[in-house]
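Peer 1: Here it is, the structure in full.
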Number of protein chains: 4
Amino acid sequence: MPGNSFGQIFTLSTFGESHGKAIGGIIDGCPAGLRIDESFIQHQLDRRRPGQSDISTQRKEKDRVELLSGIFEGKTLGTPIGFIIRNKDQRPADYDSLKDKFRPSHADLTYALKYGHRDHRGGGRASARETACRVVGGSIAMQLLALNGIAIRAWVSQVGSVKTPENFIPEDHEDIDSNPVRCPHRETADAMIAAIKHLATDGDTLGGEITCLIQHYPPGVGEPVFDKLEADLAKAMLSINAAKGFEIGLGFKGISMPGSLYRDHFVFENGEIKTKTNHDGGINGGISNGMDILFRVAFKPVSTSRYEPDVMDKQGHESRMEKAGRHDPCVVPRAVPIVESMAALVLADHWLRMRTSKI
Amino acid sequence: MPGNSFGQIFTLSTFGESHGKAIGGIIDGCPAGLRIDESFIQHQLDRRRPGQSDISTQRKEKDRVELLSGIFEGKTLGTPIGFIIRNKDQRPADYDSLKDKFRPSHADLTYALKYGHRDHRGGGRASARETACRVVGGSIAMQLLALNGIAIRAWVSQVGSVKTPENFIPEDHEDIDSNPVRCPHRETADAMIAAIKHLATDGDTLGGEITCLIQHYPPGVGEPVFDKLEADLAKAMLSINAAKGFEIGLGFKGISMPGSLYRDHFVFENGEIKTKTNHDGGINGGISNGMDILFRVAFKPVSTSRYEPDVMDKQGHESRMEKAGRHDPCVVPRAVPIVESMAALVLADHWLRMRTSKI
Amino acid sequence: MPGNSFGQIFTLSTFGESHGKAIGGIIDGCPAGLRIDESFIQHQLDRRRPGQSDISTQRKEKDRVELLSGIFEGKTLGTPIGFIIRNKDQRPADYDSLKDKFRPSHADLTYALKYGHRDHRGGGRASARETACRVVGGSIAMQLLALNGIAIRAWVSQVGSVKTPENFIPEDHEDIDSNPVRCPHRETADAMIAAIKHLATDGDTLGGEITCLIQHYPPGVGEPVFDKLEADLAKAMLSINAAKGFEIGLGFKGISMPGSLYRDHFVFENGEIKTKTNHDGGINGGISNGMDILFRVAFKPVSTSRYEPDVMDKQGHESRMEKAGRHDPCVVPRAVPIVESMAALVLADHWLRMRTSKI
Amino acid sequence: MPGNSFGQIFTLSTFGESHGKAIGGIIDGCPAGLRIDESFIQHQLDRRRPGQSDISTQRKEKDRVELLSGIFEGKTLGTPIGFIIRNKDQRPADYDSLKDKFRPSHADLTYALKYGHRDHRGGGRASARETACRVVGGSIAMQLLALNGIAIRAWVSQVGSVKTPENFIPEDHEDIDSNPVRCPHRETADAMIAAIKHLATDGDTLGGEITCLIQHYPPGVGEPVFDKLEADLAKAMLSINAAKGFEIGLGFKGISMPGSLYRDHFVFENGEIKTKTNHDGGINGGISNGMDILFRVAFKPVSTSRYEPDVMDKQGHESRMEKAGRHDPCVVPRAVPIVESMAALVLADHWLRMRTSKI
């Protein structure tokens, strides 16, 4: 399969260029009988869309999803759920000057090299607009998981050099959306917003880190060897635009700890084996162990420039974009529902795959 | 497909438990006409196997691979390449005491929960012994890539708290194997060895980091959206036993850099667009840009204990393993050919997928 | 992947219920740079749609396809081509009486058993309306093949007991659409039409056979063992609603011929090896041999009844449908573009897969 | 995936050339906890192997399978089951004269065209010897199905022009193996044997038809649209060497029956909806309906010649093979366990896929 499909049983396939007629997709493999709350899908889309606050871009898409099939009398049929989101705010003329020019650290050049023919308007297929479709798919996966008591929440744990305190986990998930950076630690959030605004005045940008927590995922889910749960999560996260790193549990920090301290000692609670610490982040050997799953994703800053030439054409001529396309000073807060969605797709898929493990 | 297969066109499927009759696999999708150097496969297997030095385990498998099909008169047929590696050093009796016991931070418990029935001997399917099969597959992928001028080399860049200097890249790949930790920076290597030996006397272990460099990979290779090149690399790496993190280019370090500094400025060289820096690590939007591909993988230390109880049974009883199974004080040097192999599988697969991008 | 996707590289995924908001799909893996003639897609859709003549149903869908992505300035981008066809002629009230009733030899009961929850209106997902999406995908595959000189044409070779003469192949493809049964043999076509009309007066139906001919398919295309070209064609054909049989070359008739007569003797023409006869239908061992590919598909008659009770509910009560849903007296002529489309999907997919066979 | 793997959840991948070191494969996705009877696997292999009687070839392979993994203490682990069958009776010298020559109606030429490089000995990968691996996989699938009460039996229903009586179904499955043609209808079997022997004296061959019956397959299993149960069965059957046709239920014969007679009327028995007739062969809309599944497969005769030149080289020179390779006068009886095995792979796979249909 080409690279526009994700998952083995619960699958999402997407289509669409940033400035074409529509984006959309197909969610297939969702079991029959699941009651769908469309307002939750729209809520997640609203969390992702541009123009939410003065620290995100001013492109005002409504991102109104239309579900076309697979749902009848409010419940899934087990058949594919097709959906589209019309592209309304098309200003293709903004991009005419970019037709034969490439922005550095973007996919303009690589798409041209791969395909020979590309839609240069707003990044085309490479635009983060495509992730709206992932949010639709992920929002349905989250409802399947929620029915089984599984909760997924992500938040911004770092922007530029500003980080939440070590090992910080929000007590109340409601705090996440209490501020525009989606950092549930109030003081850190304030510092993040200040840092973004400071750089944004110069047209500059910041990257960040998102932490994701999955609670009540049942033990014994995941596949051996190549499709380890953490491997599929890593792929899911690195497939998000601007993602450059992934770590689970202690991740890179665990390297400098001796094995006798690192290991998660067993404790016996209510007839079940749990662990005292959770350095492994809830997964052993690719399979969930019943502890919280915890991972982090690094996002690079959107490439930008202040005064220098910022595009190049095939002949090597540099120039400066007049209309630069609209981008966020920090995309990371908008990536929170995308991280949740991709995690949900992985976890729903493996949760269904688990059903065939035993006779 | 269950989780024991990897790749879309150039694929590897593996089988085998640590203490069963044999491990093995099938490499499918390797194009016809490739001359195979079997000694290179064996060389990579030898780099992976236990018992290479006094800092690795003393289990002495010869890991002799037998290629059973798909090669005729020294060249690939285009048909599947089946292979097996017999398990010779089976001491199942060593593991009798572990039959109903679980080691913390291992996959003993999670496999039992998933499957209900498990081979407790030496980790069974979850043992790192399985990675020998990946080395066989990867060694063939490396030969396909090498024929096209593409080179993959990995080395150990951190053990415990000991790191190579920032941005260190070895000038001579031969230096990698010049010492048992496979760190091509001499002084760092010495410090790593000292650190491992120091902890090993107490039966303790260390994790580490491997850096992987791919040179001369053609631009325009990779898929959009979900199967981005970096996403498939992330999955490949996180599927390796004990891997807990992945980052490409600047990775997590790029978070704290403003976008105007982060971005890789274009330069025009010999009629081609290159970049002055390579913060993105050779990939934009999931597709290679012609610069070196550079990524890092974090490995946790093997779980161990000194004096405390170290296994638990289903009833919650703790005890101490008499014969602990043999493990390395630091597994990371042996993981170097595994990282190379998994990278090669991803890169060969995408290199073939590229052939269908244009009419 | 669930069962709504087809193909490995050139893929089609579809969604949609007969009486939902829309049907549609995604064509992925079509190489970049292919000029798309939308009028050809519409032409094929028109050949498939109901209401074309007095021997097909009177449901009047316009079946107007909207291509939403993947095409820019008239040429494919290499990215997914999303499309939808709105369901306009929805008369769901017609189906209210069928909500808890099952029609024999339809999929009403089996969908209910599989999913527990179903859209009873007009067959829902099981309706042949879904095949319109196949025609969209197939029409694009046909254009990719046509660019490479490959032609696919199908026609009706049998209706009820009326057959074309043995070994009949139309000289002029234009003859196929010269009559409403799409049989290019004039006398046979007249007899077929008479047979259909005769039974239709009583509300009865007839099945038929479609023969499909592929010309100029290059030799050396197809995969060994499981994905043989004829195996994928067989799957493609049996996946069409009402298809009950497939044969290639002589098919079932070849059974009664001794091997010395059956075999296709080699002849040497213009430096190429051809065969004198073509009993094998253009494929040996799953791989095309350069001769015409020729196969036949059997379609059962649509189930119907005249006076008897014709539906049953879960409690075993029989009754007679008042409004029976609209169906054709003979669906086979409308299946001609569907057969062509499914053949095109298989042949385009394998044609692309071929590109990775050799180094 | 290349064409050497079959199935979505319960999968079989195979490798091996006819005269290489070994053939073998991997069965993946078999659920954990299934008790495996190895003697049944060997029994089915013995039914497939050459040299069983004077109407099959005299190549005497023992076809002894060695199971290498995935089974522990007699039960499946849920991990891949690797296996090999050594090629013992290698007489490669027999084939030296065929190195640059192609046999008509074989895959010699098409493999050469596809791959450029081929193993000419005994058909290489295209040899029916590969089907031994399918029998291993199928025999395990049959045990999974048998545990759930599902029975699969196939028999020879036609050889040349000799057929069993219409609608014949054996009452006693034991009759199938009571004679070397595996036709459970005694008089027909005698006539088949006579027909084969008659032609064999001249070195000629006969094709045949196999009928396969699946009993007690639960209703509600199968996928919509492309992966219909009958579509996957058709693919499975057409992937068998020499198979040229497939039909389910009435198949091609149903074409000439009006829809009012064809349709399977519902009857209500013991609280379940059954059908009076079974013209559809147990499947509606791709999903099983609880009735017996019944299909037929057509096999062409092995190509042979009596006195004429029977091979051609690339330059168009014809010659006569001195040692012709050994082939059966009628391969069909040996294909019976292969048909059963491929059916079992499809049915086990869909039976597992069914587990994810509902919430």
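Numbering starts fresh at 1 for the residues of each chain in the structure tokens, the chains themselves are lettered A, B, ... in the order given, and ligands are numbered from 1 as they appear.
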Would you list, as a ChimeraX atom specification, the residues of segment 126-266 of chain D that end up in strand (DSSP E) under DSSP run on this structure's backbone?
Peer 2: /D:151-159,162-163,208-215,243-248,266
Peer 1: For the selection just defined, write its residues with N, CA, C and O atoms to a file, as a short mmCIF file (atom, residue, chain, number, x, y, z; two decimals), in the first residue's frame.
Peer 2:
data_model
loop_
_atom_site.label_atom_id
_atom_site.label_comp_id
_atom_site.auth_asym_id
_atom_site.auth_seq_id
_atom_site.Cartn_x
_atom_site.Cartn_y
_atom_site.Cartn_z
N ALA D 151 -15.46 -28.78 8.97
CA ALA D 151 -14.82 -29.86 8.21
C ALA D 151 -14.67 -29.47 6.75
O ALA D 151 -15.59 -28.91 6.16
N ILE D 152 -13.53 -29.78 6.19
CA ILE D 152 -13.25 -29.50 4.77
C ILE D 152 -12.88 -30.80 4.09
O ILE D 152 -11.95 -31.48 4.54
N ARG D 153 -13.56 -31.14 3.03
CA ARG D 153 -13.15 -32.32 2.26
C ARG D 153 -13.29 -32.03 0.77
O ARG D 153 -14.28 -31.45 0.33
N ALA D 154 -12.29 -32.46 0.01
CA ALA D 154 -12.31 -32.30 -1.44
C ALA D 154 -12.13 -33.66 -2.09
O ALA D 154 -11.60 -34.58 -1.48
N TRP D 155 -12.60 -33.78 -3.33
CA TRP D 155 -12.44 -35.02 -4.08
C TRP D 155 -12.41 -34.70 -5.58
O TRP D 155 -12.78 -33.60 -5.99
N VAL D 156 -11.97 -35.68 -6.34
CA VAL D 156 -11.91 -35.51 -7.79
C VAL D 156 -13.28 -35.82 -8.38
O VAL D 156 -13.80 -36.92 -8.19
N SER D 157 -13.86 -34.86 -9.05
CA SER D 157 -15.21 -35.05 -9.60
C SER D 157 -15.20 -35.20 -11.13
O SER D 157 -16.22 -35.49 -11.73
N GLN D 158 -14.04 -34.96 -11.73
CA GLN D 158 -13.94 -35.15 -13.17
C GLN D 158 -12.48 -35.39 -13.54
O GLN D 158 -11.57 -34.76 -12.98
N VAL D 159 -12.26 -36.33 -14.49
CA VAL D 159 -10.94 -36.53 -15.09
C VAL D 159 -11.18 -36.65 -16.59
O VAL D 159 -11.97 -37.50 -17.01
N VAL D 162 -14.57 -37.89 -18.01
CA VAL D 162 -15.28 -38.77 -17.06
C VAL D 162 -15.68 -37.98 -15.81
O VAL D 162 -14.83 -37.44 -15.12
N LYS D 163 -16.99 -37.92 -15.54
CA LYS D 163 -17.49 -37.13 -14.42
C LYS D 163 -18.29 -37.97 -13.44
O LYS D 163 -18.93 -38.95 -13.85
N GLY D 208 -8.52 -32.29 -14.89
CA GLY D 208 -9.66 -32.75 -14.11
C GLY D 208 -10.29 -31.64 -13.30
O GLY D 208 -9.91 -30.46 -13.40
N GLU D 209 -11.27 -32.02 -12.53
CA GLU D 209 -11.99 -31.07 -11.69
C GLU D 209 -12.03 -31.59 -10.27
O GLU D 209 -12.22 -32.79 -10.05
N ILE D 210 -11.83 -30.70 -9.32
CA ILE D 210 -11.96 -31.07 -7.90
C ILE D 210 -13.13 -30.30 -7.32
O ILE D 210 -13.29 -29.11 -7.57
N THR D 211 -13.95 -31.02 -6.56
CA THR D 211 -15.06 -30.39 -5.84
C THR D 211 -14.67 -30.33 -4.36
O THR D 211 -14.09 -31.28 -3.83
N CYS D 212 -14.98 -29.21 -3.73
CA CYS D 212 -14.63 -29.06 -2.33
C CYS D 212 -15.87 -28.67 -1.53
O CYS D 212 -16.65 -27.81 -1.95
N LEU D 213 -16.03 -29.32 -0.40
CA LEU D 213 -17.20 -29.13 0.46
C LEU D 213 -16.76 -28.71 1.85
O LEU D 213 -15.91 -29.37 2.46
N ILE D 214 -17.31 -27.61 2.34
CA ILE D 214 -17.01 -27.17 3.71
C ILE D 214 -18.30 -27.24 4.52
O ILE D 214 -19.31 -26.63 4.15
N GLN D 215 -18.25 -27.97 5.62
CA GLN D 215 -19.44 -28.15 6.44
C GLN D 215 -19.28 -27.48 7.80
O GLN D 215 -18.18 -27.46 8.37
N ALA D 243 -4.38 -24.67 -12.21
CA ALA D 243 -5.80 -24.34 -12.04
C ALA D 243 -6.21 -23.31 -13.08
O ALA D 243 -5.49 -22.33 -13.31
N LYS D 244 -7.33 -23.51 -13.73
CA LYS D 244 -7.78 -22.59 -14.79
C LYS D 244 -9.21 -22.11 -14.61
O LYS D 244 -9.69 -21.31 -15.43
N GLY D 245 -9.91 -22.61 -13.60
CA GLY D 245 -11.28 -22.16 -13.42
C GLY D 245 -11.77 -22.42 -12.02
O GLY D 245 -11.24 -23.28 -11.30
N PHE D 246 -12.77 -21.63 -11.62
CA PHE D 246 -13.36 -21.74 -10.28
C PHE D 246 -14.83 -21.40 -10.40
O PHE D 246 -15.20 -20.46 -11.12
N GLU D 247 -15.67 -22.17 -9.71
CA GLU D 247 -17.07 -21.76 -9.64
C GLU D 247 -17.63 -22.17 -8.28
O GLU D 247 -17.22 -23.16 -7.70
N ILE D 248 -18.54 -21.37 -7.78
CA ILE D 248 -19.14 -21.65 -6.48
C ILE D 248 -20.64 -21.86 -6.66
O ILE D 248 -21.26 -21.21 -7.50
N PHE D 266 -36.02 -19.36 1.58
CA PHE D 266 -35.77 -19.50 3.01
C PHE D 266 -36.69 -20.54 3.64
O PHE D 266 -37.87 -20.67 3.26
#
Peer 1: Can you write out as CSV which residues of chain D fall within 9 Å of chain A, alongside each residue's closest atom pair and its distance in Å to one decimal, counting only C-alpha atoms and ordering rows by chain and ascending residue number?
Peer 2:
residue,atom,partner,partner_atom,distance
D:Met1,CA,A:Met1,CA,8.7
D:Gln8,CA,A:Gln8,CA,8.8
D:Ile9,CA,A:Thr356,CA,8.1
D:Gly29,CA,A:Ser357,CA,7.6
D:Cys30,CA,A:Ser357,CA,7.7
D:Pro31,CA,A:Lys358,CA,4.5
D:Ala32,CA,A:Lys358,CA,4.6
D:Gly33,CA,A:Ile359,CA,6.0
D:Leu34,CA,A:Ile359,CA,6.4
D:Leu77,CA,A:Lys358,CA,8.9
D:Gly78,CA,A:Ser357,CA,6.3
D:Thr79,CA,A:Pro224,CA,8.0
D:Leu144,CA,A:Ile359,CA,8.0
D:Pro224,CA,A:Thr79,CA,7.9
D:Leu352,CA,A:Thr356,CA,6.1
D:Arg353,CA,A:Thr356,CA,7.9
D:Arg355,CA,A:Arg355,CA,6.5
D:Thr356,CA,A:Leu352,CA,6.1
D:Ser357,CA,A:Pro31,CA,4.9
D:Lys358,CA,A:Pro31,CA,4.5
D:Ile359,CA,A:Pro31,CA,5.1
Peer 1: How would the residues just chosen look if you wrote them out with N, CA and C atoms as a compact mmCIF listing (two decimals), in the first residue's frame?
Peer 2:
# COMPACT_ATOMS: atom_id res chain seq x y z
N MET D 1 3.30 -6.43 -0.26
CA MET D 1 4.04 -7.68 -0.09
C MET D 1 4.18 -8.39 -1.43
N GLN D 8 -4.46 -12.48 5.71
CA GLN D 8 -4.37 -11.20 6.41
C GLN D 8 -4.00 -11.38 7.87
N ILE D 9 -4.61 -12.33 8.55
CA ILE D 9 -4.33 -12.56 9.97
C ILE D 9 -3.67 -13.92 10.12
N GLY D 29 0.19 -15.91 12.74
CA GLY D 29 -1.16 -15.51 13.10
C GLY D 29 -2.03 -16.64 13.60
N CYS D 30 -1.46 -17.85 13.72
CA CYS D 30 -2.24 -18.94 14.32
C CYS D 30 -2.37 -18.64 15.81
N PRO D 31 -3.57 -18.61 16.35
CA PRO D 31 -3.73 -18.24 17.76
C PRO D 31 -3.01 -19.21 18.70
N ALA D 32 -2.65 -18.71 19.84
CA ALA D 32 -1.96 -19.52 20.84
C ALA D 32 -2.90 -20.54 21.45
N GLY D 33 -2.33 -21.69 21.83
CA GLY D 33 -3.08 -22.66 22.59
C GLY D 33 -3.68 -23.80 21.77
N LEU D 34 -3.39 -23.82 20.48
CA LEU D 34 -3.92 -24.88 19.62
C LEU D 34 -3.02 -26.12 19.69
N LEU D 77 2.21 -21.33 20.21
CA LEU D 77 2.57 -20.22 21.09
C LEU D 77 1.94 -18.90 20.66
N GLY D 78 1.34 -18.87 19.48
CA GLY D 78 0.86 -17.60 18.93
C GLY D 78 1.94 -16.90 18.13
N THR D 79 3.14 -17.42 18.17
CA THR D 79 4.28 -16.87 17.41
C THR D 79 4.41 -17.65 16.10
N LEU D 144 -7.18 -25.87 13.34
CA LEU D 144 -7.84 -24.75 14.02
C LEU D 144 -9.35 -24.78 13.72
N PRO D 224 -16.96 -7.65 3.27
CA PRO D 224 -17.72 -7.04 2.18
C PRO D 224 -16.82 -6.69 1.00
N LEU D 352 -10.91 -15.74 11.77
CA LEU D 352 -10.25 -14.85 12.74
C LEU D 352 -10.62 -13.39 12.48
N ARG D 353 -10.71 -13.03 11.22
CA ARG D 353 -11.08 -11.64 10.89
C ARG D 353 -12.47 -11.30 11.45
N ARG D 355 -13.65 -11.91 14.16
CA ARG D 355 -13.64 -11.55 15.59
C ARG D 355 -13.61 -10.05 15.84
N THR D 356 -13.36 -9.29 14.78
CA THR D 356 -13.30 -7.84 14.99
C THR D 356 -14.48 -7.12 14.34
N SER D 357 -15.52 -7.86 13.95
CA SER D 357 -16.65 -7.24 13.25
C SER D 357 -17.55 -6.40 14.14
N LYS D 358 -17.65 -6.79 15.39
CA LYS D 358 -18.59 -6.10 16.29
C LYS D 358 -17.84 -5.54 17.50
N ILE D 359 -18.44 -4.51 18.12
CA ILE D 359 -17.81 -3.96 19.32
C ILE D 359 -17.86 -4.99 20.44
Peer 1: Any idea what the distance is between atom CA of Thr277 of chain C and atom CA of Arg263 of chain C?
Peer 2: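 Computing the Euclidean distance for atom CA of Thr277 of chain C and atom CA of Arg263 of chain C yields 8.0 Å.
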Peer 1: For Arg320 of chain C, please output as a PDB file with N, CA, C and O atoms, in the first residue's frame all residues within 12 Å (counting only C-alpha atoms; exclusion window: fewer than 5 positions along the same chain).
Peer 2:
ATOM      1  N   SER C  97     -40.518  -1.106   4.926  1.00  0.00           N
ATOM      2  CA  SER C  97     -41.149  -2.396   5.197  1.00  0.00           C
ATOM      3  C   SER C  97     -40.117  -3.529   5.239  1.00  0.00           C
ATOM      4  O   SER C  97     -40.422  -4.642   5.659  1.00  0.00           O
ATOM      5  N   LEU C  98     -38.894  -3.239   4.813  1.00  0.00           N
ATOM      6  CA  LEU C  98     -37.869  -4.283   4.752  1.00  0.00           C
ATOM      7  C   LEU C  98     -36.952  -4.277   5.970  1.00  0.00           C
ATOM      8  O   LEU C  98     -36.036  -5.076   6.061  1.00  0.00           O
ATOM      9  N   LYS C 101     -36.622  -7.516   7.577  1.00  0.00           N
ATOM     10  CA  LYS C 101     -36.888  -8.657   6.704  1.00  0.00           C
ATOM     11  C   LYS C 101     -35.692  -8.925   5.808  1.00  0.00           C
ATOM     12  O   LYS C 101     -34.941  -8.015   5.475  1.00  0.00           O
ATOM     13  N   PHE C 102     -35.558 -10.165   5.425  1.00  0.00           N
ATOM     14  CA  PHE C 102     -34.408 -10.578   4.622  1.00  0.00           C
ATOM     15  C   PHE C 102     -34.880 -11.133   3.288  1.00  0.00           C
ATOM     16  O   PHE C 102     -35.798 -11.962   3.251  1.00  0.00           O
ATOM     17  N   ARG C 103     -34.223 -10.702   2.231  1.00  0.00           N
ATOM     18  CA  ARG C 103     -34.529 -11.237   0.906  1.00  0.00           C
ATOM     19  C   ARG C 103     -33.635 -12.451   0.637  1.00  0.00           C
ATOM     20  O   ARG C 103     -32.425 -12.386   0.879  1.00  0.00           O
ATOM     21  N   PRO C 104     -34.175 -13.530   0.144  1.00  0.00           N
ATOM     22  CA  PRO C 104     -33.341 -14.708  -0.116  1.00  0.00           C
ATOM     23  C   PRO C 104     -32.315 -14.431  -1.209  1.00  0.00           C
ATOM     24  O   PRO C 104     -32.541 -13.598  -2.090  1.00  0.00           O
ATOM     25  N   THR C 304     -35.404 -13.342  -7.603  1.00  0.00           N
ATOM     26  CA  THR C 304     -36.702 -12.699  -7.686  1.00  0.00           C
ATOM     27  C   THR C 304     -37.769 -13.748  -7.431  1.00  0.00           C
ATOM     28  O   THR C 304     -37.482 -14.928  -7.282  1.00  0.00           O
ATOM     29  N   SER C 305     -38.977 -13.332  -7.333  1.00  0.00           N
ATOM     30  CA  SER C 305     -40.058 -14.307  -7.216  1.00  0.00           C
ATOM     31  C   SER C 305     -41.271 -13.703  -7.912  1.00  0.00           C
ATOM     32  O   SER C 305     -41.337 -12.502  -8.130  1.00  0.00           O
ATOM     33  N   ARG C 306     -42.190 -14.526  -8.240  1.00  0.00           N
ATOM     34  CA  ARG C 306     -43.357 -14.023  -8.954  1.00  0.00           C
ATOM     35  C   ARG C 306     -44.541 -13.799  -8.009  1.00  0.00           C
ATOM     36  O   ARG C 306     -45.036 -12.714  -7.872  1.00  0.00           O
ATOM     37  N   TYR C 307     -44.948 -14.887  -7.358  1.00  0.00           N
ATOM     38  CA  TYR C 307     -46.157 -14.734  -6.554  1.00  0.00           C
ATOM     39  C   TYR C 307     -45.942 -15.156  -5.102  1.00  0.00           C
ATOM     40  O   TYR C 307     -46.707 -14.795  -4.224  1.00  0.00           O
ATOM     41  N   GLU C 308     -44.893 -15.975  -4.876  1.00  0.00           N
ATOM     42  CA  GLU C 308     -44.684 -16.529  -3.537  1.00  0.00           C
ATOM     43  C   GLU C 308     -44.240 -15.436  -2.567  1.00  0.00           C
ATOM     44  O   GLU C 308     -43.782 -14.379  -2.966  1.00  0.00           O
ATOM     45  N   PRO C 309     -44.336 -15.752  -1.276  1.00  0.00           N
ATOM     46  CA  PRO C 309     -43.730 -14.871  -0.289  1.00  0.00           C
ATOM     47  C   PRO C 309     -42.252 -14.712  -0.628  1.00  0.00           C
ATOM     48  O   PRO C 309     -41.615 -15.676  -1.090  1.00  0.00           O
ATOM     49  N   ASP C 310     -41.707 -13.546  -0.473  1.00  0.00           N
ATOM     50  CA  ASP C 310     -40.320 -13.388  -0.904  1.00  0.00           C
ATOM     51  C   ASP C 310     -39.397 -12.773   0.148  1.00  0.00           C
ATOM     52  O   ASP C 310     -38.236 -12.494  -0.174  1.00  0.00           O
ATOM     53  N   VAL C 311     -39.851 -12.559   1.340  1.00  0.00           N
ATOM     54  CA  VAL C 311     -38.933 -12.168   2.412  1.00  0.00           C
ATOM     55  C   VAL C 311     -39.302 -12.928   3.687  1.00  0.00           C
ATOM     56  O   VAL C 311     -40.415 -13.443   3.824  1.00  0.00           O
ATOM     57  N   MET C 312     -38.322 -12.998   4.605  1.00  0.00           N
ATOM     58  CA  MET C 312     -38.551 -13.677   5.887  1.00  0.00           C
ATOM     59  C   MET C 312     -37.976 -12.797   6.993  1.00  0.00           C
ATOM     60  O   MET C 312     -36.959 -12.121   6.785  1.00  0.00           O
ATOM     61  N   ASP C 313     -38.631 -12.790   8.158  1.00  0.00           N
ATOM     62  CA  ASP C 313     -38.048 -12.040   9.262  1.00  0.00           C
ATOM     63  C   ASP C 313     -37.354 -12.994  10.240  1.00  0.00           C
ATOM     64  O   ASP C 313     -37.331 -14.208  10.010  1.00  0.00           O
TER      65      ASP C 313
END
Peer 1: Give me the residues within 7 Å of Val136 of chain A as number ranges by chain, counting only C-alpha atoms and dropping any in the same chain fewer than 4 places off.
Peer 2: A: 41, 132, 140
Peer 1: How would the residues just picked look written out with N, CA, C and O atoms as a CSV table (one decimal), in the first residue's frame?
Peer 2:
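Output saved as out_35.csv:
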chain,number,residue,atom,x,y,z
A,41,ILE,N,-15.9,14.7,17.6
A,41,ILE,CA,-15.0,14.8,16.4
A,41,ILE,C,-14.8,16.3,16.1
A,41,ILE,O,-13.7,16.8,15.9
A,132,ALA,N,-5.9,17.2,9.7
A,132,ALA,CA,-7.3,17.3,10.1
A,132,ALA,C,-8.0,15.9,9.9
A,132,ALA,O,-8.8,15.5,10.7
A,140,ILE,N,-12.7,9.0,16.2
A,140,ILE,CA,-13.6,7.8,16.3
A,140,ILE,C,-12.9,6.7,17.0
A,140,ILE,O,-13.5,5.9,17.8
Peer 1: Determine which residues of segment 115-192 of chain B receive a DSSP assignment of alpha helix (DSSP H), computed from the backbone, and state them as a list of chain:residue names.
Peer 2: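 Restricting segment 115-192 of chain B to alpha helix (DSSP H) produces B:Tyr115, B:Thr131, B:Ala132, B:Cys133, B:Arg134, B:Val135, B:Val136, B:Gly137, B:Gly138, B:Ser139, B:Ile140, B:Ala141, B:Met142, B:Gln143, B:Leu144, B:Leu145, B:Ala146, B:Leu147, B:Arg186, B:Glu187, B:Thr188, B:Ala189, B:Asp190, B:Ala191, B:Met192.
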